[in-house]
Each structure stands twice: as C-alpha cells, then as structure tokens.
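Pasting my_file_31.cif here (mmCIF, C-alpha atoms; chains and numbers go by the auth columns):
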```
data_my_file
loop_
_atom_site.group_PDB
_atom_site.id
_atom_site.type_symbol
_atom_site.label_atom_id
_atom_site.label_comp_id
_atom_site.label_asym_id
_atom_site.label_seq_id
_atom_site.Cartn_x
_atom_site.Cartn_y
_atom_site.Cartn_z
_atom_site.B_iso_or_equiv
_atom_site.auth_seq_id
_atom_site.auth_asym_id
ATOM 1 C CA MET A 1 0.000 0.000 0.000 0.00 5 A
ATOM 2 C CA ALA A 2 2.800 2.431 0.907 0.00 6 A
ATOM 3 C CA GLU A 3 4.484 1.661 -2.418 0.00 7 A
ATOM 4 C CA GLU A 4 1.265 2.515 -4.316 0.00 8 A
ATOM 5 C CA VAL A 5 0.929 5.818 -2.440 0.00 9 A
ATOM 6 C CA LYS A 6 4.544 6.618 -3.308 0.00 10 A
ATOM 7 C CA LYS A 7 3.888 5.936 -7.027 0.00 11 A
ATOM 8 C CA LEU A 8 0.737 8.069 -7.024 0.00 12 A
ATOM 9 C CA THR A 9 2.518 10.907 -5.229 0.00 13 A
ATOM 10 C CA SER A 10 5.302 10.794 -7.813 0.00 14 A
ATOM 11 C CA ARG A 11 2.782 10.927 -10.681 0.00 15 A
ATOM 12 C CA VAL A 12 0.908 13.877 -9.155 0.00 16 A
ATOM 13 C CA GLN A 13 4.178 15.768 -8.629 0.00 17 A
ATOM 14 C CA GLY A 14 5.143 15.069 -12.222 0.00 18 A
ATOM 15 C CA VAL A 15 1.832 16.419 -13.507 0.00 19 A
ATOM 16 C CA GLU A 16 1.896 19.460 -11.252 0.00 20 A
ATOM 17 C CA GLY A 17 5.551 20.089 -12.060 0.00 21 A
ATOM 18 C CA GLY A 18 4.530 20.959 -15.641 0.00 22 A
ATOM 19 C CA LYS A 19 1.954 23.555 -14.561 0.00 23 A
ATOM 20 C CA GLY A 20 2.856 27.114 -15.339 0.00 24 A
ATOM 21 C CA ILE A 21 5.298 26.110 -18.091 0.00 25 A
ATOM 22 C CA LYS A 22 4.099 27.403 -21.441 0.00 26 A
ATOM 23 C CA ASP A 23 4.628 26.028 -24.923 0.00 27 A
ATOM 24 C CA LEU A 24 5.046 22.376 -24.021 0.00 28 A
ATOM 25 C CA ASN A 25 2.521 21.178 -26.573 0.00 29 A
ATOM 26 C CA TYR A 26 3.963 18.995 -29.288 0.00 30 A
ATOM 27 C CA GLU A 27 2.970 21.546 -31.924 0.00 31 A
ATOM 28 C CA ASP A 28 4.837 24.291 -30.061 0.00 32 A
ATOM 29 C CA LEU A 29 8.012 22.252 -29.718 0.00 33 A
ATOM 30 C CA TYR A 30 8.074 20.708 -33.165 0.00 34 A
ATOM 31 C CA ILE A 31 10.198 22.367 -35.824 0.00 35 A
ATOM 32 C CA GLN A 32 8.508 22.502 -39.210 0.00 36 A
ATOM 33 C CA PRO A 33 5.507 20.385 -38.121 0.00 37 A
ATOM 34 C CA ASP A 34 4.046 20.359 -41.630 0.00 38 A
ATOM 35 C CA VAL A 35 7.146 18.721 -43.130 0.00 39 A
ATOM 36 C CA GLU A 36 7.270 14.967 -43.293 0.00 40 A
ATOM 37 C CA LEU A 37 10.392 13.054 -44.231 0.00 41 A
ATOM 38 C CA SER A 38 9.846 10.127 -46.557 0.00 42 A
ATOM 39 C CA GLU A 39 9.517 6.718 -44.940 0.00 43 A
ATOM 40 C CA GLY A 40 12.879 5.059 -44.512 0.00 44 A
ATOM 41 C CA TYR A 41 14.761 8.346 -44.898 0.00 45 A
ATOM 42 C CA LYS A 42 18.044 8.301 -43.036 0.00 46 A
ATOM 43 C CA PRO A 43 19.545 11.730 -42.448 0.00 47 A
ATOM 44 C CA PRO A 44 23.249 12.075 -43.173 0.00 48 A
ATOM 45 C CA LYS A 45 25.758 12.106 -40.364 0.00 49 A
ATOM 46 C CA PHE A 46 26.480 15.775 -39.798 0.00 50 A
ATOM 47 C CA GLU A 47 29.591 17.444 -38.452 0.00 51 A
ATOM 48 C CA MET A 48 28.614 18.670 -35.006 0.00 52 A
ATOM 49 C CA PHE A 49 28.842 22.319 -33.946 0.00 53 A
ATOM 50 C CA ASP A 50 29.208 23.294 -30.293 0.00 54 A
ATOM 51 C CA ARG A 51 29.690 27.070 -30.524 0.00 55 A
ATOM 52 C CA ILE A 52 33.389 26.526 -31.222 0.00 56 A
ATOM 53 C CA GLY A 53 34.635 27.216 -34.699 0.00 57 A
ATOM 54 C CA ASP A 54 33.410 29.244 -37.616 0.00 58 A
ATOM 55 C CA PRO A 55 29.596 29.201 -37.929 0.00 59 A
ATOM 56 C CA LYS A 56 29.782 29.909 -41.661 0.00 60 A
ATOM 57 C CA VAL A 57 32.014 26.898 -42.167 0.00 61 A
ATOM 58 C CA HIS A 58 29.472 24.841 -40.235 0.00 62 A
ATOM 59 C CA LEU A 59 26.609 26.106 -42.401 0.00 63 A
ATOM 60 C CA ARG A 60 28.545 25.251 -45.556 0.00 64 A
ATOM 61 C CA THR A 61 29.482 21.755 -44.442 0.00 65 A
ATOM 62 C CA TYR A 62 25.916 21.188 -43.243 0.00 66 A
ATOM 63 C CA CYS A 63 24.435 22.237 -46.590 0.00 67 A
ATOM 64 C CA ASP A 64 26.992 20.147 -48.439 0.00 68 A
ATOM 65 C CA LYS A 65 25.765 17.052 -46.560 0.00 69 A
ATOM 66 C CA LEU A 66 22.211 17.767 -47.746 0.00 70 A
ATOM 67 C CA ILE A 67 22.995 17.090 -51.381 0.00 71 A
ATOM 68 C CA GLY A 68 20.457 14.576 -52.572 0.00 72 A
ATOM 69 C CA VAL A 69 17.833 15.591 -50.001 0.00 73 A
ATOM 70 C CA GLY A 70 16.207 18.036 -52.392 0.00 74 A
ATOM 71 C CA LYS A 71 15.816 21.773 -52.358 0.00 75 A
ATOM 72 C CA ASP A 72 13.111 22.080 -49.710 0.00 76 A
ATOM 73 C CA GLU A 73 14.524 24.552 -47.205 0.00 77 A
ATOM 74 C CA ARG A 74 11.927 23.451 -44.657 0.00 78 A
ATOM 75 C CA ILE A 75 13.647 20.039 -44.557 0.00 79 A
ATOM 76 C CA ASP A 76 17.008 21.778 -44.221 0.00 80 A
ATOM 77 C CA MET A 77 15.641 23.729 -41.260 0.00 81 A
ATOM 78 C CA LYS A 78 14.081 20.634 -39.720 0.00 82 A
ATOM 79 C CA LEU A 79 17.355 18.693 -39.837 0.00 83 A
ATOM 80 C CA PHE A 80 19.647 21.537 -38.745 0.00 84 A
ATOM 81 C CA MET A 81 19.190 20.783 -35.059 0.00 85 A
ATOM 82 C CA ARG A 82 20.820 17.386 -35.674 0.00 86 A
ATOM 83 C CA SER A 83 24.092 19.144 -36.470 0.00 87 A
ATOM 84 C CA LEU A 84 24.282 20.985 -33.152 0.00 88 A
ATOM 85 C CA THR A 85 25.476 19.915 -29.752 0.00 89 A
ATOM 86 C CA GLY A 86 26.243 21.440 -26.361 0.00 90 A
ATOM 87 C CA ASP A 87 25.802 25.203 -26.063 0.00 91 A
ATOM 88 C CA ALA A 88 24.829 25.590 -29.728 0.00 92 A
ATOM 89 C CA LEU A 89 22.029 23.071 -29.302 0.00 93 A
ATOM 90 C CA SER A 90 20.893 24.786 -26.097 0.00 94 A
ATOM 91 C CA TRP A 91 20.764 28.110 -27.934 0.00 95 A
ATOM 92 C CA TYR A 92 18.785 26.590 -30.798 0.00 96 A
ATOM 93 C CA ILE A 93 16.275 24.901 -28.507 0.00 97 A
ATOM 94 C CA SER A 94 15.712 28.146 -26.607 0.00 98 A
ATOM 95 C CA GLN A 95 14.592 29.870 -29.817 0.00 99 A
ATOM 96 C CA ASN A 96 11.012 30.088 -31.027 0.00 100 A
ATOM 97 C CA PRO A 97 11.155 28.156 -34.319 0.00 101 A
ATOM 98 C CA LYS A 98 8.048 29.939 -35.596 0.00 102 A
ATOM 99 C CA LYS A 99 10.055 33.157 -35.953 0.00 103 A
ATOM 100 C CA TRP A 100 12.109 31.566 -38.709 0.00 104 A
ATOM 101 C CA ILE A 101 10.102 31.994 -41.879 0.00 105 A
ATOM 102 C CA ASN A 102 12.817 30.535 -44.094 0.00 106 A
ATOM 103 C CA TRP A 103 16.342 29.121 -44.103 0.00 107 A
ATOM 104 C CA VAL A 104 17.974 32.552 -44.419 0.00 108 A
ATOM 105 C CA SER A 105 16.259 33.872 -41.278 0.00 109 A
ATOM 106 C CA MET A 106 17.380 30.828 -39.276 0.00 110 A
ATOM 107 C CA ALA A 107 20.928 30.861 -40.685 0.00 111 A
ATOM 108 C CA SER A 108 21.190 34.618 -40.034 0.00 112 A
ATOM 109 C CA ASP A 109 20.221 34.167 -36.384 0.00 113 A
ATOM 110 C CA PHE A 110 22.743 31.333 -36.123 0.00 114 A
ATOM 111 C CA MET A 111 25.484 33.510 -37.634 0.00 115 A
ATOM 112 C CA ASP A 112 24.584 36.431 -35.359 0.00 116 A
ATOM 113 C CA GLN A 113 24.713 34.216 -32.287 0.00 117 A
ATOM 114 C CA PHE A 114 28.101 32.667 -33.062 0.00 118 A
ATOM 115 C CA ARG A 115 29.732 35.460 -35.086 0.00 119 A
ATOM 116 C CA PHE A 116 32.173 36.160 -32.243 0.00 120 A
ATOM 117 C CA ASN A 117 34.002 32.996 -33.311 0.00 121 A
ATOM 118 C CA THR A 118 35.015 34.615 -36.589 0.00 122 A
ATOM 119 C CA GLU A 119 35.536 38.095 -35.145 0.00 123 A
ATOM 120 C CA ASN A 120 38.030 36.718 -32.636 0.00 124 A
ATOM 121 C CA ALA A 121 40.276 35.073 -35.177 0.00 125 A
ATOM 122 C CA PRO A 122 43.896 34.865 -34.062 0.00 126 A
ATOM 123 C CA ASP A 123 46.374 37.396 -35.347 0.00 127 A
ATOM 124 C CA ILE A 124 49.917 36.905 -36.565 0.00 128 A
ATOM 125 C CA PHE A 125 51.358 37.700 -33.110 0.00 129 A
ATOM 126 C CA TYR A 126 49.350 34.869 -31.577 0.00 130 A
ATOM 127 C CA ILE A 127 50.651 32.463 -34.232 0.00 131 A
ATOM 128 C CA GLN A 128 54.248 33.568 -33.648 0.00 132 A
ATOM 129 C CA ASN A 129 53.918 32.736 -29.960 0.00 133 A
ATOM 130 C CA ILE A 130 52.516 29.224 -30.285 0.00 134 A
ATOM 131 C CA LYS A 131 54.970 26.885 -28.589 0.00 135 A
ATOM 132 C CA LYS A 132 55.345 23.130 -28.705 0.00 136 A
ATOM 133 C CA THR A 133 54.154 21.524 -25.489 0.00 137 A
ATOM 134 C CA PRO A 134 56.354 18.886 -23.843 0.00 138 A
ATOM 135 C CA ILE A 135 53.739 16.165 -24.361 0.00 139 A
ATOM 136 C CA GLU A 136 53.124 16.666 -28.097 0.00 140 A
ATOM 137 C CA THR A 137 55.206 15.313 -30.948 0.00 141 A
ATOM 138 C CA PHE A 138 56.615 17.686 -33.509 0.00 142 A
ATOM 139 C CA ARG A 139 54.039 16.424 -36.001 0.00 143 A
ATOM 140 C CA GLU A 140 51.203 17.194 -33.543 0.00 144 A
ATOM 141 C CA TYR A 141 52.669 20.638 -32.904 0.00 145 A
ATOM 142 C CA ALA A 142 52.990 21.364 -36.629 0.00 146 A
ATOM 143 C CA THR A 143 49.410 20.224 -37.231 0.00 147 A
ATOM 144 C CA ARG A 144 48.130 22.420 -34.399 0.00 148 A
ATOM 145 C CA TRP A 145 50.168 25.397 -35.641 0.00 149 A
ATOM 146 C CA ARG A 146 48.884 25.041 -39.204 0.00 150 A
ATOM 147 C CA SER A 147 45.321 24.725 -37.943 0.00 151 A
ATOM 148 C CA GLU A 148 45.660 27.963 -35.958 0.00 152 A
ATOM 149 C CA ALA A 149 47.476 29.723 -38.814 0.00 153 A
ATOM 150 C CA ALA A 150 44.600 28.884 -41.163 0.00 154 A
ATOM 151 C CA LYS A 151 42.262 30.870 -38.897 0.00 155 A
ATOM 152 C CA VAL A 152 44.218 34.118 -39.219 0.00 156 A
ATOM 153 C CA ARG A 153 42.228 36.803 -41.081 0.00 157 A
ATOM 154 C CA PRO A 154 43.407 37.680 -43.670 0.00 158 A
ATOM 155 C CA ALA A 155 45.039 34.329 -44.297 0.00 159 A
ATOM 156 C CA LEU A 156 48.798 34.173 -43.981 0.00 160 A
ATOM 157 C CA GLU A 157 50.456 34.417 -47.340 0.00 161 A
ATOM 158 C CA GLU A 158 53.109 31.956 -48.366 0.00 162 A
ATOM 159 C CA GLU A 159 56.520 33.436 -48.898 0.00 163 A
#
```
Output the structure of this file as structure tokens.
Amino acid sequence: MAEEVKKLTSRVQGVEGGKGIKDLNYEDLYIQPDVELSEGYKPPKFEMFDRIGDPKVHLRTYCDKLIGVGKDERIDMKLFMRSLTGDALSWYISQNPKKWINWVSMASDFMDQFRFNTENAPDIFYIQNIKKTPIETFREYATRWRSEAAKVRPALEEE
C-alpha cells in the first residue's frame, strides 16, 4: 500500500511540475511540423557544432551534406538541429522556431549568435607565440600550428 501511495505521489508531482510552463505542446516544440520526411529516410551524419569554430564553415558543411535531399529549405531547417550539440544546441532549442520563416532567417540568427568565433580570429602575433608543449610530438605541434594559422584573417600568405 505504501508503495502505491509513493507511485501516485510521484505521478501527481510530475503532472503538477509541468503547470505554469508554457509552450510544451507537441505543436509548439516541433520544428517545421508540416514537413514529413519520406519513410525510410536516413539523415546524413552531420559534423557537429558546439559554438566553437566558424559558424559559416558549419553552415557550408551542413548544406553540403544535404545534397540529394532536395531543395526544400523546410527540410534543411528541420534537420539543422541534428548538427548541433552542447551550447549551440541549447541556444537553438531556446529559440522560437516559428520566428524563422525561411532558411535565411534561421541561418542569419545562427550567424549572429556565433559570429564572435570569426571576429576573434587569431592574429599573426598569436601564431608567432605558439609553442610546442612537452607532451606533443613535432608532427602534432605542426598540425596544431597550421590549424591555428589557417584561422588568421586575412590568411597568412606563403613566402
């Protein structure tokens, strides 16, 4: 009997815990509710974005993976969430998807949110001061240095 009371109490708390929270209906949470993916459709495996890196690069690699899906931007918008993780996914989920009337409006908000990644590109002085750590091989160091050097705006010119 005590176990049944415990279960009922837990259920009531669960139901009451949702009171006062708006927009929890399926229709409010669903992105592009009028878009159905064809039966058996398997979305591509996307590169994941977690607020680190260039958001424009992410948008380009994301769109490149959608080749063969068709040109329905509503599908592109519906699948975009699957390419986000961590803080980027939290940001996306906190947005009202109904404000995005098309792909450009969603992509623009995404770029605005994560633009600081491109505005804070390293400069040549930062690159000059990158040192090899004691635990990395020279190859690892060179790879890391080249990766950072590629982020410099404007790109470093070869001499």
Distance of atom CA of Glu40 of chain A from atom CA of Asn106 of chain A, expressed in Å to one decimal place: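 Interatomic distance, atom CA of Asn106 of chain A to atom CA of Glu40 of chain A: 16.5 Å.
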Pick from A:Ala111, A:Glu144, A:Tyr45, A:Gln117 nearest to Ser94 of chain A, counting all atoms listed in the file: A:Gln117
Quick one: distance from atom CA of Gln99 of chain A to atom CA of Asp113 of chain A in Å, one decimal?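 Separation between atom CA of Gln99 of chain A and atom CA of Asp113 of chain A: 9.7 Å.
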Could you check how far atom CA of Ser112 of chain A sits from atom CA of Asp91 of chain A, in Å to one decimal?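 These two atoms are separated by 17.5 Å.
Contact shell of Ala92 of chain A at 7 Å (all atoms listed in the file; same-chain neighbours under 6 positions omitted): Phe53, Asp54 and Arg55 of chain A.
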Excluding Asp68 of chain A and any residue of its chain fewer than 6 positions from it, enumerate the residues within 12 Å of it, using only C-alpha atoms, and give them as a list in words.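 Counting only the stated atoms, we get Pro48, Lys49, Phe50, Glu51, Val61, His62, Gly74, Lys75 and Asp80 of chain A.
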Counting all atoms listed in the file, figure out which residue out of A:Asn133, A:Lys46, A:Thr141, A:Phe114 gets nearest to Leu93 of chain A.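 Using all atoms listed in the file, the shortest distance to Leu93 of chain A belongs to A:Phe114.
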Selection in question (the file shown): the PyMOL selection byres ((chain A and resi 152) around 12). Which residues does it include, as a list in words?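 The output of the PyMOL selection byres ((chain A and resi 152) around 12) on this file is Gly57, Ala125, Pro126, Asp127, Ile128, Phe129, Tyr130, Ile131, Gln132, Asn133, Ile134, Lys135, Tyr145, Ala146, Thr147, Arg148, Trp149, Arg150, Ser151, Ala153, Ala154, Lys155, Val156, Arg157, Ala159 and Leu160 of chain A.
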For the selection just defined, write its residues with C-alpha atoms to a file, as a CSV table (one decimal), keeping the file's coordinate frame.
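Produced file part.csv, reproduced below:
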```
chain,number,residue,atom,x,y,z
A,57,GLY,CA,34.6,27.2,-34.7
A,125,ALA,CA,40.3,35.1,-35.2
A,126,PRO,CA,43.9,34.9,-34.1
A,127,ASP,CA,46.4,37.4,-35.3
A,128,ILE,CA,49.9,36.9,-36.6
A,129,PHE,CA,51.4,37.7,-33.1
A,130,TYR,CA,49.4,34.9,-31.6
A,131,ILE,CA,50.7,32.5,-34.2
A,132,GLN,CA,54.2,33.6,-33.6
A,133,ASN,CA,53.9,32.7,-30.0
A,134,ILE,CA,52.5,29.2,-30.3
A,135,LYS,CA,55.0,26.9,-28.6
A,145,TYR,CA,52.7,20.6,-32.9
A,146,ALA,CA,53.0,21.4,-36.6
A,147,THR,CA,49.4,20.2,-37.2
A,148,ARG,CA,48.1,22.4,-34.4
A,149,TRP,CA,50.2,25.4,-35.6
A,150,ARG,CA,48.9,25.0,-39.2
A,151,SER,CA,45.3,24.7,-37.9
A,153,ALA,CA,47.5,29.7,-38.8
A,154,ALA,CA,44.6,28.9,-41.2
A,155,LYS,CA,42.3,30.9,-38.9
A,156,VAL,CA,44.2,34.1,-39.2
A,157,ARG,CA,42.2,36.8,-41.1
A,159,ALA,CA,45.0,34.3,-44.3
A,160,LEU,CA,48.8,34.2,-44.0
```
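The residue that comes closest to Pro47 of chain A, out of A:Trp104, A:Tyr66, A:Phe142, A:Phe118 and on the basis of all atoms listed in the file, is A:Tyr66.
Distances from A:Lys102, A:Thr137, A:Glu7, A:Arg143 to Met81 of chain A were compared using all atoms listed in the file, and the smallest one belongs to A:Lys102.
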Would you compute an axis-aligned box for segment 57-74 of chain A, covering every atom listed for it in the file with 5 Å of margin on each side, and report centre and edge lengths in Å to one decimal as lines of an AutoDock Vina configuration file?
```
center_x = 25.4
center_y = 22.2
center_z = -43.6
size_x = 28.4
size_y = 25.3
size_z = 27.9
```
